[in-house]
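Okay, query-v3.txt is below, compact mmCIF, C-alpha atoms and all ligand atoms:
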# COMPACT_ATOMS: atom_id res chain seq x y z
CA MET A 16 -98.10 -24.33 85.37
CA PRO A 17 -96.81 -21.88 87.99
CA HIS A 18 -98.10 -18.33 88.04
CA LYS A 19 -96.14 -15.95 85.83
CA VAL A 20 -94.24 -13.21 87.62
CA TYR A 21 -93.02 -10.53 85.23
CA ILE A 22 -91.54 -7.07 85.09
CA THR A 23 -93.70 -4.50 83.35
CA ARG A 24 -91.50 -1.44 83.80
CA LEU A 25 -87.84 -0.92 84.51
CA LYS A 26 -86.15 2.37 85.31
CA LEU A 27 -82.46 2.82 86.06
CA THR A 28 -80.74 5.93 87.37
CA ASP A 29 -76.94 6.27 87.45
CA PHE A 30 -76.60 2.51 87.11
CA ARG A 31 -73.26 1.53 85.48
CA ASN A 32 -73.28 3.05 81.97
CA TYR A 33 -76.94 4.15 82.21
CA ALA A 34 -77.49 7.74 83.36
CA ALA A 35 -81.25 7.46 83.02
CA LEU A 36 -83.15 4.69 81.30
CA ALA A 37 -86.80 3.66 81.40
CA PHE A 38 -88.76 1.19 79.35
CA ASP A 39 -91.92 -0.91 79.52
CA LEU A 40 -92.20 -4.65 79.13
CA ASP A 41 -94.97 -7.18 78.76
CA GLN A 42 -95.25 -10.87 79.61
CA ARG A 43 -92.92 -11.99 76.82
CA HIS A 44 -89.33 -13.01 77.29
CA VAL A 45 -86.82 -10.27 76.58
CA VAL A 46 -83.87 -10.63 74.23
CA LEU A 47 -81.22 -7.93 74.57
CA THR A 48 -78.74 -7.69 71.74
CA GLY A 49 -75.96 -5.19 71.12
CA GLU A 50 -72.25 -4.86 70.62
CA ASN A 51 -69.66 -5.79 73.23
CA GLY A 52 -69.67 -3.26 76.02
CA ALA A 53 -73.11 -1.88 75.07
CA GLY A 54 -74.59 -2.50 78.52
CA LYS A 55 -76.48 -5.80 78.18
CA THR A 56 -74.98 -7.45 81.24
CA ASN A 57 -75.42 -4.19 83.17
CA LEU A 58 -79.16 -4.44 82.51
CA MET A 59 -79.19 -8.04 83.73
CA GLU A 60 -77.28 -6.97 86.82
CA ALA A 61 -79.88 -4.27 87.49
CA ILE A 62 -82.63 -6.91 87.39
CA SER A 63 -80.61 -9.17 89.68
CA PHE A 64 -80.84 -6.40 92.29
CA LEU A 65 -84.54 -7.28 92.52
CA SER A 66 -83.36 -10.18 94.68
CA PRO A 67 -81.41 -9.99 97.99
CA GLY A 68 -77.62 -9.92 97.85
CA ARG A 69 -75.06 -8.12 95.77
CA GLY A 70 -76.38 -9.09 92.36
CA LEU A 71 -75.02 -11.27 89.60
CA ARG A 72 -71.57 -9.68 89.57
CA ARG A 73 -71.25 -9.60 93.37
CA ALA A 74 -69.90 -6.13 92.88
CA ALA A 75 -69.17 -3.46 95.46
CA TYR A 76 -72.05 -0.97 95.34
CA ALA A 77 -69.63 1.90 94.79
CA ASP A 78 -68.64 0.27 91.46
CA VAL A 79 -72.25 -0.08 90.40
CA ALA A 80 -73.03 3.63 90.60
CA ARG A 81 -72.28 5.33 87.29
CA ILE A 82 -68.80 6.82 87.17
CA GLY A 83 -69.26 10.53 87.77
CA ALA A 84 -72.70 10.16 89.37
CA ALA A 85 -73.27 12.47 92.30
CA ASP A 86 -75.20 10.12 94.51
CA GLY A 87 -75.42 6.29 94.36
CA PHE A 88 -77.61 4.32 91.94
CA SER A 89 -81.23 3.30 91.79
CA VAL A 90 -83.25 0.56 90.15
CA PHE A 91 -87.01 0.92 90.02
CA ALA A 92 -89.30 -1.81 88.72
CA VAL A 93 -92.99 -2.43 88.46
CA VAL A 94 -93.57 -6.14 88.81
CA ASP A 95 -96.62 -8.33 88.47
CA GLY A 96 -95.42 -10.25 91.49
CA MET A 97 -96.23 -13.17 93.76
CA GLU A 98 -98.60 -11.06 95.82
CA GLY A 99 -99.92 -9.00 92.90
CA PRO A 100 -98.56 -5.81 91.34
CA VAL A 101 -95.76 -4.15 93.29
CA GLU A 102 -93.46 -1.18 92.81
CA ILE A 103 -89.92 -1.91 93.85
CA GLY A 104 -87.26 0.72 94.36
CA THR A 105 -83.75 -0.22 95.42
CA GLY A 106 -80.33 1.40 95.43
CA THR A 107 -77.75 3.23 97.44
CA ALA A 108 -77.25 6.82 98.41
CA GLY A 109 -73.75 8.26 98.42
CA GLY A 110 -70.66 6.48 97.19
CA GLU A 111 -69.39 5.06 100.48
CA GLU A 112 -68.07 1.55 100.47
CA GLY A 113 -69.81 -1.07 102.63
CA GLN A 114 -73.16 0.67 102.82
CA ALA A 115 -76.38 -1.30 102.78
CA ARG A 116 -78.74 -1.36 99.83
CA ARG A 117 -82.08 0.26 100.53
CA LEU A 118 -85.43 -1.07 99.46
CA ARG A 119 -88.85 0.51 99.06
CA LEU A 120 -91.94 -1.54 98.33
CA ASN A 121 -94.88 0.48 96.99
CA GLY A 122 -93.13 3.60 98.27
CA THR A 123 -92.71 2.35 101.84
CA PRO A 124 -89.21 1.61 103.18
CA ALA A 125 -88.71 -2.12 103.81
CA ARG A 126 -86.82 -3.42 106.83
CA THR A 127 -84.37 -5.50 104.77
CA VAL A 128 -83.82 -6.40 101.11
CA ASP A 129 -84.86 -9.95 102.04
CA GLU A 130 -88.47 -8.75 101.71
CA LEU A 131 -87.96 -8.91 97.94
CA THR A 132 -88.43 -12.68 98.10
CA ASP A 133 -92.11 -12.12 99.02
CA HIS A 134 -92.62 -10.69 95.53
CA LEU A 135 -90.32 -12.42 93.08
CA ARG A 136 -87.41 -14.82 92.73
CA VAL A 137 -84.63 -14.04 90.29
CA LEU A 138 -82.19 -16.73 89.13
CA TRP A 139 -79.28 -16.34 86.74
CA LEU A 140 -76.66 -17.99 84.66
CA THR A 141 -73.69 -15.91 83.50
CA PRO A 142 -70.44 -16.65 81.67
CA ALA A 143 -68.62 -15.95 84.95
CA MET A 144 -70.18 -19.18 86.26
CA ASP A 145 -68.50 -21.26 83.54
CA GLY A 146 -65.63 -22.09 85.88
CA LEU A 147 -67.96 -23.35 88.60
CA PHE A 148 -66.94 -27.00 88.32
CA THR A 149 -63.20 -26.40 88.12
CA GLY A 150 -62.89 -23.35 90.38
CA PRO A 151 -62.58 -23.08 94.17
CA ALA A 152 -65.01 -24.86 96.50
CA GLY A 153 -66.14 -21.47 97.83
CA ASP A 154 -67.75 -20.65 94.47
CA ARG A 155 -69.72 -23.91 94.47
CA ARG A 156 -70.75 -23.36 98.08
CA ARG A 157 -72.01 -19.89 97.23
CA PHE A 158 -73.85 -21.28 94.21
CA LEU A 159 -75.49 -23.92 96.38
CA ASP A 160 -76.41 -21.38 99.04
CA ARG A 161 -78.10 -19.24 96.42
CA LEU A 162 -80.12 -22.30 95.37
CA VAL A 163 -81.13 -22.87 98.98
CA LEU A 164 -81.90 -19.19 99.54
CA SER A 165 -84.34 -19.06 96.65
CA LEU A 166 -86.52 -21.59 98.47
CA ASP A 167 -85.64 -20.82 102.07
CA PRO A 168 -85.03 -17.09 102.65
CA GLU A 169 -84.00 -17.86 106.27
CA HIS A 170 -80.85 -19.55 105.01
CA GLY A 171 -79.06 -16.23 104.53
CA ARG A 172 -79.70 -15.15 108.11
CA ARG A 173 -78.45 -18.47 109.45
CA ALA A 174 -75.30 -18.26 107.33
CA SER A 175 -74.44 -14.73 108.44
CA GLU A 176 -75.11 -15.54 112.12
CA PHE A 177 -72.89 -18.61 111.80
CA ASP A 178 -70.15 -16.47 110.27
CA ARG A 179 -70.43 -13.93 113.05
CA ALA A 180 -70.27 -16.63 115.76
CA MET A 181 -67.30 -18.28 114.03
CA ARG A 182 -65.40 -14.99 113.89
CA SER A 183 -66.07 -14.45 117.62
CA ARG A 184 -64.76 -17.95 118.36
CA ASN A 185 -61.62 -17.39 116.27
CA ARG A 186 -61.00 -14.11 118.07
CA LEU A 187 -61.53 -15.67 121.50
CA LEU A 188 -59.26 -18.62 120.74
CA SER A 189 -56.48 -16.23 119.77
CA GLU A 190 -56.51 -14.76 123.31
CA PHE A 191 -53.98 -15.93 125.88
CA ARG A 192 -56.53 -17.61 128.19
CA PRO A 193 -59.96 -17.55 126.64
CA ASP A 194 -62.93 -17.89 128.98
CA PRO A 195 -64.00 -21.56 128.45
CA ALA A 196 -67.64 -20.87 129.32
CA TRP A 197 -67.78 -18.17 126.69
CA VAL A 198 -66.10 -20.33 124.04
CA SER A 199 -68.55 -23.16 124.84
CA ALA A 200 -71.56 -20.87 124.49
CA ILE A 201 -70.36 -19.69 121.09
CA GLU A 202 -69.63 -23.25 119.98
CA ARG A 203 -73.13 -24.31 121.00
CA GLU A 204 -74.54 -21.49 118.86
CA MET A 205 -72.30 -22.49 115.94
CA ALA A 206 -73.38 -26.12 116.25
CA GLY A 207 -77.08 -25.21 116.03
CA LEU A 208 -76.65 -22.84 113.11
CA GLY A 209 -74.06 -24.95 111.29
CA VAL A 210 -76.19 -28.08 111.38
CA SER A 211 -79.30 -26.16 110.22
CA MET A 212 -77.28 -24.84 107.28
CA ALA A 213 -76.03 -28.30 106.38
CA LEU A 214 -79.54 -29.77 106.62
CA ALA A 215 -81.06 -26.99 104.50
CA ARG A 216 -78.43 -27.67 101.82
CA LEU A 217 -79.10 -31.40 101.95
CA GLU A 218 -82.84 -30.85 101.70
CA MET A 219 -82.31 -28.71 98.61
CA LEU A 220 -80.17 -31.41 97.01
CA GLY A 221 -82.81 -34.03 97.80
CA LEU A 222 -85.56 -31.97 96.19
CA LEU A 223 -83.46 -31.31 93.09
CA ALA A 224 -82.52 -34.98 92.82
CA ALA A 225 -86.19 -36.00 92.97
CA LEU A 226 -87.06 -33.50 90.26
CA VAL A 227 -84.19 -34.63 88.01
CA GLU A 228 -85.35 -38.23 88.55
CA ARG A 229 -88.92 -37.36 87.51
CA SER A 230 -87.84 -35.56 84.34
CA GLN A 231 -85.18 -38.08 83.34
CA GLY A 232 -85.03 -38.79 79.65
CA ASN A 233 -87.11 -35.84 78.46
CA SER A 234 -84.44 -33.20 78.59
CA SER A 235 -81.97 -31.99 75.97
CA PHE A 236 -79.55 -31.04 78.71
CA PRO A 237 -77.63 -33.50 80.87
CA SER A 238 -78.77 -34.03 84.41
CA ALA A 239 -76.47 -33.21 87.29
CA ARG A 240 -76.03 -35.52 90.27
CA LEU A 241 -75.21 -33.49 93.33
CA SER A 242 -73.76 -34.36 96.70
CA LEU A 243 -71.99 -32.63 99.56
CA SER A 244 -68.66 -33.36 101.11
CA GLY A 245 -66.39 -31.83 103.70
CA PHE A 246 -68.69 -31.56 106.72
CA LEU A 247 -70.38 -34.32 108.75
CA ASP A 248 -70.02 -36.61 105.72
CA ASP A 249 -70.46 -39.84 107.61
CA CYS A 250 -73.56 -38.77 109.53
CA HIS A 251 -76.30 -38.94 106.89
CA GLY A 252 -79.66 -39.76 108.35
CA LEU A 253 -78.83 -38.85 111.94
CA PRO A 254 -81.33 -36.57 113.68
CA ALA A 255 -80.41 -32.87 113.96
CA TYR A 256 -79.79 -33.12 117.70
CA ASP A 257 -77.16 -35.85 117.25
CA LEU A 258 -75.51 -33.91 114.46
CA GLU A 259 -75.29 -30.85 116.68
CA GLU A 260 -73.70 -32.87 119.48
CA ARG A 261 -71.25 -34.32 116.99
CA TYR A 262 -70.27 -30.93 115.61
CA LEU A 263 -70.03 -29.49 119.10
CA ALA A 264 -67.61 -32.25 120.10
CA MET A 265 -65.56 -31.60 116.95
CA LEU A 266 -65.30 -27.92 117.82
CA GLN A 267 -64.32 -28.63 121.43
CA GLU A 268 -61.68 -31.14 120.40
CA GLY A 269 -60.36 -28.82 117.72
CA ARG A 270 -59.76 -25.77 119.90
CA LEU A 271 -55.98 -26.01 120.11
CA ARG A 272 -55.64 -26.86 116.44
CA ASP A 273 -57.98 -24.02 115.41
CA ALA A 274 -56.18 -21.57 117.71
CA ALA A 275 -52.89 -22.48 116.02
CA ALA A 276 -54.42 -22.19 112.55
CA GLY A 277 -56.13 -18.91 113.41
CA ARG A 278 -59.42 -20.19 111.94
CA THR A 279 -62.08 -22.83 112.39
CA LEU A 280 -61.12 -25.86 110.34
CA GLU A 281 -64.39 -27.77 110.49
CA GLY A 282 -67.87 -26.62 109.69
CA PRO A 283 -70.40 -25.88 106.96
CA HIS A 284 -68.02 -23.21 105.62
CA ARG A 285 -65.75 -26.09 104.50
CA SER A 286 -68.39 -28.04 102.53
CA ASP A 287 -67.97 -28.62 98.85
CA LEU A 288 -70.70 -29.31 96.34
CA LEU A 289 -69.78 -32.35 94.24
CA ILE A 290 -71.31 -32.38 90.78
CA ARG A 291 -71.42 -35.33 88.40
CA HIS A 292 -72.68 -35.59 84.86
CA GLY A 293 -75.60 -37.98 85.43
CA GLU A 294 -75.77 -39.68 82.03
CA LYS A 295 -71.99 -40.15 81.72
CA ASP A 296 -71.53 -40.78 85.42
CA MET A 297 -68.42 -38.60 85.41
CA GLU A 298 -67.19 -35.76 87.62
CA ALA A 299 -68.24 -32.47 86.07
CA GLU A 300 -64.72 -31.09 86.25
CA ARG A 301 -63.55 -33.84 83.89
CA CYS A 302 -66.24 -33.16 81.29
CA SER A 303 -65.56 -31.11 78.15
CA THR A 304 -66.19 -27.36 78.11
CA GLY A 305 -69.36 -27.82 76.06
CA GLU A 306 -70.59 -30.62 78.33
CA GLN A 307 -69.94 -28.47 81.39
CA LYS A 308 -71.93 -25.60 79.91
CA ALA A 309 -74.84 -27.92 79.06
CA LEU A 310 -74.68 -29.41 82.56
CA LEU A 311 -74.79 -25.98 84.15
CA ILE A 312 -77.75 -24.96 81.98
CA GLY A 313 -79.54 -28.19 82.92
CA LEU A 314 -78.88 -27.52 86.59
CA VAL A 315 -80.13 -23.93 86.51
CA LEU A 316 -83.24 -24.95 84.54
CA ALA A 317 -83.98 -27.77 87.00
CA HIS A 318 -83.60 -25.35 89.88
CA ALA A 319 -85.89 -22.81 88.19
CA ARG A 320 -88.51 -25.52 87.80
CA LEU A 321 -88.16 -26.52 91.41
CA VAL A 322 -88.67 -22.93 92.53
CA GLY A 323 -91.78 -22.72 90.33
CA ASP A 324 -93.14 -26.02 91.70
CA MET A 325 -92.44 -25.17 95.34
CA THR A 326 -93.62 -21.56 95.41
CA GLY A 327 -96.31 -21.76 92.72
CA HIS A 328 -94.64 -18.78 91.01
CA ALA A 329 -92.17 -19.07 88.17
CA PRO A 330 -88.89 -17.24 88.80
CA ILE A 331 -87.48 -14.55 86.55
CA LEU A 332 -84.53 -16.02 84.71
CA LEU A 333 -81.45 -14.07 83.58
CA LEU A 334 -79.43 -15.93 80.96
CA ASP A 335 -76.40 -13.91 79.98
CA GLU A 336 -74.74 -14.83 76.68
CA ILE A 337 -76.48 -18.15 76.74
CA ALA A 338 -76.96 -18.83 73.04
CA ALA A 339 -73.39 -18.40 71.86
CA HIS A 340 -72.10 -21.79 73.04
CA LEU A 341 -74.98 -23.89 71.78
CA ASP A 342 -75.63 -25.40 68.39
CA ARG A 343 -78.87 -24.65 66.56
CA GLY A 344 -80.78 -27.68 67.88
CA ARG A 345 -79.73 -27.11 71.47
CA ARG A 346 -80.64 -23.42 71.22
CA ALA A 347 -84.15 -24.25 70.07
CA ALA A 348 -84.45 -26.83 72.87
CA LEU A 349 -83.24 -24.26 75.41
CA PHE A 350 -85.85 -21.71 74.36
CA ASP A 351 -88.58 -24.36 74.60
CA ARG A 352 -87.43 -25.39 78.06
CA VAL A 353 -87.19 -21.78 79.23
CA ASP A 354 -90.67 -21.06 77.91
CA GLU A 355 -92.11 -24.19 79.56
CA LEU A 356 -90.94 -22.91 82.94
CA GLY A 357 -93.72 -20.36 82.69
CA GLY A 358 -91.73 -17.32 83.81
CA GLN A 359 -90.22 -14.27 82.14
CA ALA A 360 -86.67 -14.78 80.92
CA PHE A 361 -84.10 -12.18 79.91
CA MET A 362 -81.44 -13.32 77.47
CA THR A 363 -78.49 -11.48 75.95
CA GLY A 364 -76.37 -11.97 72.88
CA THR A 365 -74.46 -10.07 70.24
CA ASP A 366 -76.48 -11.45 67.36
CA ARG A 367 -80.27 -11.43 67.09
CA ALA A 368 -80.24 -14.30 64.60
CA MET A 369 -79.22 -16.62 67.44
CA PHE A 370 -82.68 -16.20 68.94
CA GLU A 371 -84.67 -16.98 65.80
CA ALA A 372 -86.14 -20.15 67.28
CA LEU A 373 -87.67 -18.17 70.14
CA GLY A 374 -89.90 -16.43 67.60
CA GLU A 375 -92.89 -14.50 68.85
CA ARG A 376 -92.40 -15.71 72.41
CA GLY A 377 -89.75 -13.02 72.81
CA ARG A 378 -89.50 -9.27 72.57
CA TYR A 379 -86.32 -8.06 70.91
CA LEU A 380 -84.51 -4.98 72.14
CA THR A 381 -81.28 -3.40 70.99
CA VAL A 382 -78.88 -1.98 73.53
CA ALA A 383 -76.50 0.79 72.42
CA ASN A 384 -74.88 3.81 74.03
CA GLY A 385 -76.73 3.49 77.30
CA ARG A 386 -80.09 3.28 75.54
CA VAL A 387 -82.56 0.54 74.74
CA SER A 388 -84.64 0.56 71.56
CA GLU A 389 -87.03 -1.73 69.70
N1 LIG B 401 -69.87 2.29 87.15
C1 LIG B 401 -69.83 2.44 85.83
N2 LIG B 401 -70.05 3.66 85.27
C2 LIG B 401 -70.01 3.82 83.93
N3 LIG B 401 -69.80 2.82 83.05
C3 LIG B 401 -69.58 1.59 83.55
C4 LIG B 401 -69.60 1.33 84.97
N4 LIG B 401 -69.34 0.03 85.15
C5 LIG B 401 -69.20 -0.54 83.94
N5 LIG B 401 -69.34 0.40 82.97
C6 LIG B 401 -69.27 0.20 81.52
O1 LIG B 401 -70.43 -0.48 81.07
C7 LIG B 401 -70.14 -0.96 79.76
C8 LIG B 401 -71.06 -2.10 79.40
O2 LIG B 401 -70.82 -3.26 80.15
P1 LIG B 401 -71.66 -4.62 79.98
O3 LIG B 401 -70.89 -5.61 80.74
O4 LIG B 401 -73.08 -4.45 80.33
O5 LIG B 401 -71.54 -4.89 78.42
P2 LIG B 401 -72.21 -6.02 77.54
O6 LIG B 401 -73.17 -5.35 76.62
O7 LIG B 401 -72.74 -7.12 78.37
O8 LIG B 401 -70.95 -6.48 76.71
P3 LIG B 401 -70.35 -7.92 76.29
O9 LIG B 401 -71.13 -8.35 75.07
O10 LIG B 401 -68.95 -7.57 75.96
O11 LIG B 401 -70.49 -8.84 77.45
C9 LIG B 401 -68.64 -1.23 79.76
O12 LIG B 401 -68.08 -0.48 78.71
C10 LIG B 401 -68.14 -0.69 81.09
O13 LIG B 401 -66.97 0.06 80.96
What do you get writing this file as structure tokens?
Amino acid sequence: MPHKVYITRLKLTDFRNYAALAFDLDQRHVVLTGENGAGKTNLMEAISFLSPGRGLRRAAYADVARIGAADGFSVFAVVDGMEGPVEIGTGTAGGEEGQARRLRLNGTPARTVDELTDHLRVLWLTPAMDGLFTGPAGDRRRFLDRLVLSLDPEHGRRASEFDRAMRSRNRLLSEFRPDPAWVSAIEREMAGLGVSMALARLEMLGLLAALVERSQGNSSFPSARLSLSGFLDDCHGLPAYDLEERYLAMLQEGRLRDAAAGRTLEGPHRSDLLIRHGEKDMEAERCSTGEQKALLIGLVLAHARLVGDMTGHAPILLLDEIAAHLDRGRRAALFDRVDELGGQAFMTGTDRAMFEALGERGRYLTVANGRVSE
């Protein structure tokens, strides 16, 4: 069983509808119930800021600060983390758009928010992800990249450097006579980064597939079969160097076409994650709404297990409005599966009765008017 990472104290200041909120937690899972608009998802979002990135809503920081607040927002947490107890403070100062989120670990400013991954991993499933299978490829790519990031924190740096290089190339190609040596140098950089990104994604899919294979048959949720398409599809198994040369040649040959299009038409930014319902052997997008939800739950649970297995520390799991779509038996199975992962899970719902099967494994809190009570 992986080591349990859990939050023991949470304090929010000027975060969404919370002016000031503080409460203590123990190792148990946390069930947050309350009426629509009470602030349950806001609390989940606050916890998601204990991981790098823009949180589970991918919101602009200016929208996260409480309306009327004088100066940004802050989230403070005490966590029994991967390296022992740690105090985490994160937030923004001022309401400017585009500003970076600051992080303090045990009172000391951290260089980047990426340092959070030394202490805990936070994974989530929200109703906004329900359209994952039917929505745009970009959503699935982002989902996949978050999976990769939770095991390989370097993935984010590679992706943003690739993006920067690609923007430089697009800009250069739009010039009347771009300097070919400069374009080549940028393409070489893109080839290295792009292939590393593709390989990191493939490695993640391989690990997940192996885990799904091992746990086949003993799950109440369907297993997802995942593959990638849209970039270097016919090159599986080639060494990284050959893949880089291949991608480099594609970029060189595509210069005129890309210049005309005003963007780079081939690369890891064009990949799509293909998802199939394993047991039915059917594309996820053609499954029923309920089947899609179950598939997504199965996928997130498998990923959470993988993170626990690989790091030795169970991730914190945020399951927003998870119980509503499931029948009684499935709900009970979900709580068992979540508990078996060995981490602390936060779950929300409008009705406490939905969580009956969780029993004493959970702590039940009511959210109302920007406050949390027993
Ligand atoms: N920056 C902000 N400042 C103040 N209030 C905000 C801010 N952003 C969102 N809110 C408010 O927070 C409230 C609670 O939102 P939240 O999404 O957490 O509700 P919820 O309890 O999850 O509800 P539901 O059950 O409907 O999903 C909403 O009424 C919203 O208007």
Report as a short mmCIF file (atom, residue, chain, number, x, y, z; two decimals) with C-alpha atoms, in the frame of the given file all protein, DNA and RNA residues lying within 10 Å of Asp167 (chain A), evaluated on all atoms listed in the file, omitting residues in the same chain fewer than 3 positions from it.
data_model
loop_
_atom_site.label_atom_id
_atom_site.label_comp_id
_atom_site.auth_asym_id
_atom_site.auth_seq_id
_atom_site.Cartn_x
_atom_site.Cartn_y
_atom_site.Cartn_z
CA THR A 132 -88.43 -12.68 98.10
CA ASP A 160 -76.41 -21.38 99.04
CA ARG A 161 -78.10 -19.24 96.42
CA LEU A 162 -80.12 -22.30 95.37
CA VAL A 163 -81.13 -22.87 98.98
CA LEU A 164 -81.90 -19.19 99.54
CA HIS A 170 -80.85 -19.55 105.01
CA GLY A 171 -79.06 -16.23 104.53
CA ALA A 215 -81.06 -26.99 104.50
CA ARG A 216 -78.43 -27.67 101.82
CA MET A 219 -82.31 -28.71 98.61
#
Box dimensions and centre (Å, one decimal) enclosing ligand LIG 401 (chain B), axis-aligned, 5 Å extra per side, as JSON:
{"center_x": -70.1, "center_y": -2.5, "center_z": 81.1, "size_x": 16.2, "size_y": 22.7, "size_z": 22.1}
List every residue of chain A that has an atom at most 10 Å from any atom of ligand LIG 401 (chain B), giving for each one its closest atom pair and the distance in Å to one decimal, counting all atoms listed in the file, sorted by chain and then by ascending residue number, as JSON lines.
{"residue": "A:Asp29", "atom": "CA", "partner": "B:LIG401", "partner_atom": "N2", "distance": 7.7}
{"residue": "A:Phe30", "atom": "CA", "partner": "B:LIG401", "partner_atom": "N1", "distance": 6.7}
{"residue": "A:Arg31", "atom": "CA", "partner": "B:LIG401", "partner_atom": "C1", "distance": 3.6}
{"residue": "A:Asn32", "atom": "CA", "partner": "B:LIG401", "partner_atom": "N3", "distance": 3.7}
{"residue": "A:Tyr33", "atom": "CA", "partner": "B:LIG401", "partner_atom": "C2", "distance": 7.1}
{"residue": "A:Ala34", "atom": "CA", "partner": "B:LIG401", "partner_atom": "C2", "distance": 8.5}
{"residue": "A:Leu47", "atom": "CA", "partner": "B:LIG401", "partner_atom": "O6", "distance": 8.7}
{"residue": "A:Thr48", "atom": "CA", "partner": "B:LIG401", "partner_atom": "O6", "distance": 7.8}
{"residue": "A:Gly49", "atom": "CA", "partner": "B:LIG401", "partner_atom": "O6", "distance": 6.2}
{"residue": "A:Glu50", "atom": "CA", "partner": "B:LIG401", "partner_atom": "O9", "distance": 5.8}
{"residue": "A:Asn51", "atom": "CA", "partner": "B:LIG401", "partner_atom": "O10", "distance": 3.3}
{"residue": "A:Gly52", "atom": "CA", "partner": "B:LIG401", "partner_atom": "O5", "distance": 3.5}
{"residue": "A:Ala53", "atom": "CA", "partner": "B:LIG401", "partner_atom": "O6", "distance": 3.8}
{"residue": "A:Gly54", "atom": "CA", "partner": "B:LIG401", "partner_atom": "O4", "distance": 3.1}
{"residue": "A:Lys55", "atom": "CA", "partner": "B:LIG401", "partner_atom": "O6", "distance": 3.7}
{"residue": "A:Thr56", "atom": "CA", "partner": "B:LIG401", "partner_atom": "O7", "distance": 3.7}
{"residue": "A:Asn57", "atom": "CA", "partner": "B:LIG401", "partner_atom": "O4", "distance": 3.7}
{"residue": "A:Leu58", "atom": "CA", "partner": "B:LIG401", "partner_atom": "O4", "distance": 6.5}
{"residue": "A:Met59", "atom": "CA", "partner": "B:LIG401", "partner_atom": "O4", "distance": 7.9}
{"residue": "A:Glu60", "atom": "CA", "partner": "B:LIG401", "partner_atom": "O4", "distance": 8.1}
{"residue": "A:Ala61", "atom": "CA", "partner": "B:LIG401", "partner_atom": "O4", "distance": 9.9}
{"residue": "A:Arg72", "atom": "CA", "partner": "B:LIG401", "partner_atom": "O3", "distance": 9.7}
{"residue": "A:Ala74", "atom": "CA", "partner": "B:LIG401", "partner_atom": "N4", "distance": 9.9}
{"residue": "A:Tyr76", "atom": "CA", "partner": "B:LIG401", "partner_atom": "N1", "distance": 9.1}
{"residue": "A:Ala77", "atom": "CA", "partner": "B:LIG401", "partner_atom": "N1", "distance": 7.7}
{"residue": "A:Asp78", "atom": "CA", "partner": "B:LIG401", "partner_atom": "N1", "distance": 4.9}
{"residue": "A:Val79", "atom": "CA", "partner": "B:LIG401", "partner_atom": "N1", "distance": 4.7}
{"residue": "A:Ala80", "atom": "CA", "partner": "B:LIG401", "partner_atom": "N1", "distance": 4.9}
{"residue": "A:Arg81", "atom": "CA", "partner": "B:LIG401", "partner_atom": "N2", "distance": 3.4}
{"residue": "A:Ile82", "atom": "CA", "partner": "B:LIG401", "partner_atom": "N2", "distance": 3.9}
{"residue": "A:Gly83", "atom": "CA", "partner": "B:LIG401", "partner_atom": "N2", "distance": 7.4}
{"residue": "A:Ala84", "atom": "CA", "partner": "B:LIG401", "partner_atom": "N2", "distance": 8.1}
{"residue": "A:Gly87", "atom": "CA", "partner": "B:LIG401", "partner_atom": "N1", "distance": 9.9}
{"residue": "A:Phe88", "atom": "CA", "partner": "B:LIG401", "partner_atom": "N1", "distance": 9.3}
{"residue": "A:Thr141", "atom": "CA", "partner": "B:LIG401", "partner_atom": "O11", "distance": 9.8}
{"residue": "A:Pro142", "atom": "CA", "partner": "B:LIG401", "partner_atom": "O11", "distance": 8.9}
{"residue": "A:Asp335", "atom": "CA", "partner": "B:LIG401", "partner_atom": "O7", "distance": 7.9}
{"residue": "A:Glu336", "atom": "CA", "partner": "B:LIG401", "partner_atom": "O11", "distance": 7.4}
{"residue": "A:Thr363", "atom": "CA", "partner": "B:LIG401", "partner_atom": "O7", "distance": 7.6}
{"residue": "A:Gly364", "atom": "CA", "partner": "B:LIG401", "partner_atom": "O9", "distance": 6.7}
{"residue": "A:Thr365", "atom": "CA", "partner": "B:LIG401", "partner_atom": "O9", "distance": 6.1}
{"residue": "A:Asp366", "atom": "CA", "partner": "B:LIG401", "partner_atom": "O9", "distance": 9.9}
{"residue": "A:Val382", "atom": "CA", "partner": "B:LIG401", "partner_atom": "O6", "distance": 7.3}
{"residue": "A:Ala383", "atom": "CA", "partner": "B:LIG401", "partner_atom": "O6", "distance": 8.2}
{"residue": "A:Asn384", "atom": "CA", "partner": "B:LIG401", "partner_atom": "C7", "distance": 8.8}
{"residue": "A:Gly385", "atom": "CA", "partner": "B:LIG401", "partner_atom": "C8", "distance": 8.2}
Using CA of Phe350 (chain A) and CA of Val46 (chain A) as the two end points, give the distance in Å to one decimal.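 Between these atoms lies a distance of 11.3 Å.
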Given all atoms listed in the file as the counted atoms, nearest of A:Val210, A:Gly313, A:Glu268, A:Met297 to Ser238 (chain A): A:Gly313
Record the distance separating CA of Phe158 (chain A) and CA of Gly269 (chain A), expressed in Å with one decimal.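 CA of Gly269 (chain A) lies at a distance of 28.1 Å from CA of Phe158 (chain A).
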My list of candidates is A:Gly245, A:Gly104, A:Gly146, A:Gly99. Which is closest to Leu25 (chain A) when distances are computed with only C-alpha atoms?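 Smallest separation from Leu25 (chain A) among the options: A:Gly104.
Taking CA of Gly106 (chain A) and CA of Arg155 (chain A) as endpoints, the distance between them is 27.5 Å.
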For a quick check of understanding, using all atoms listed in the file, which of A:Leu289, A:Leu71, A:Leu65, A:Val128 has the smallest distance to Leu334 (chain A)? A:Leu71
Write out as a list in words the residues lying within 9 Å of Arg320 (chain A), counting all atoms listed in the file and excluding same-chain residues fewer than 6 positions away.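 Listing them by chain and then by number gives Leu226, Ala329, Pro330, Leu356 and Gly357 of chain A.
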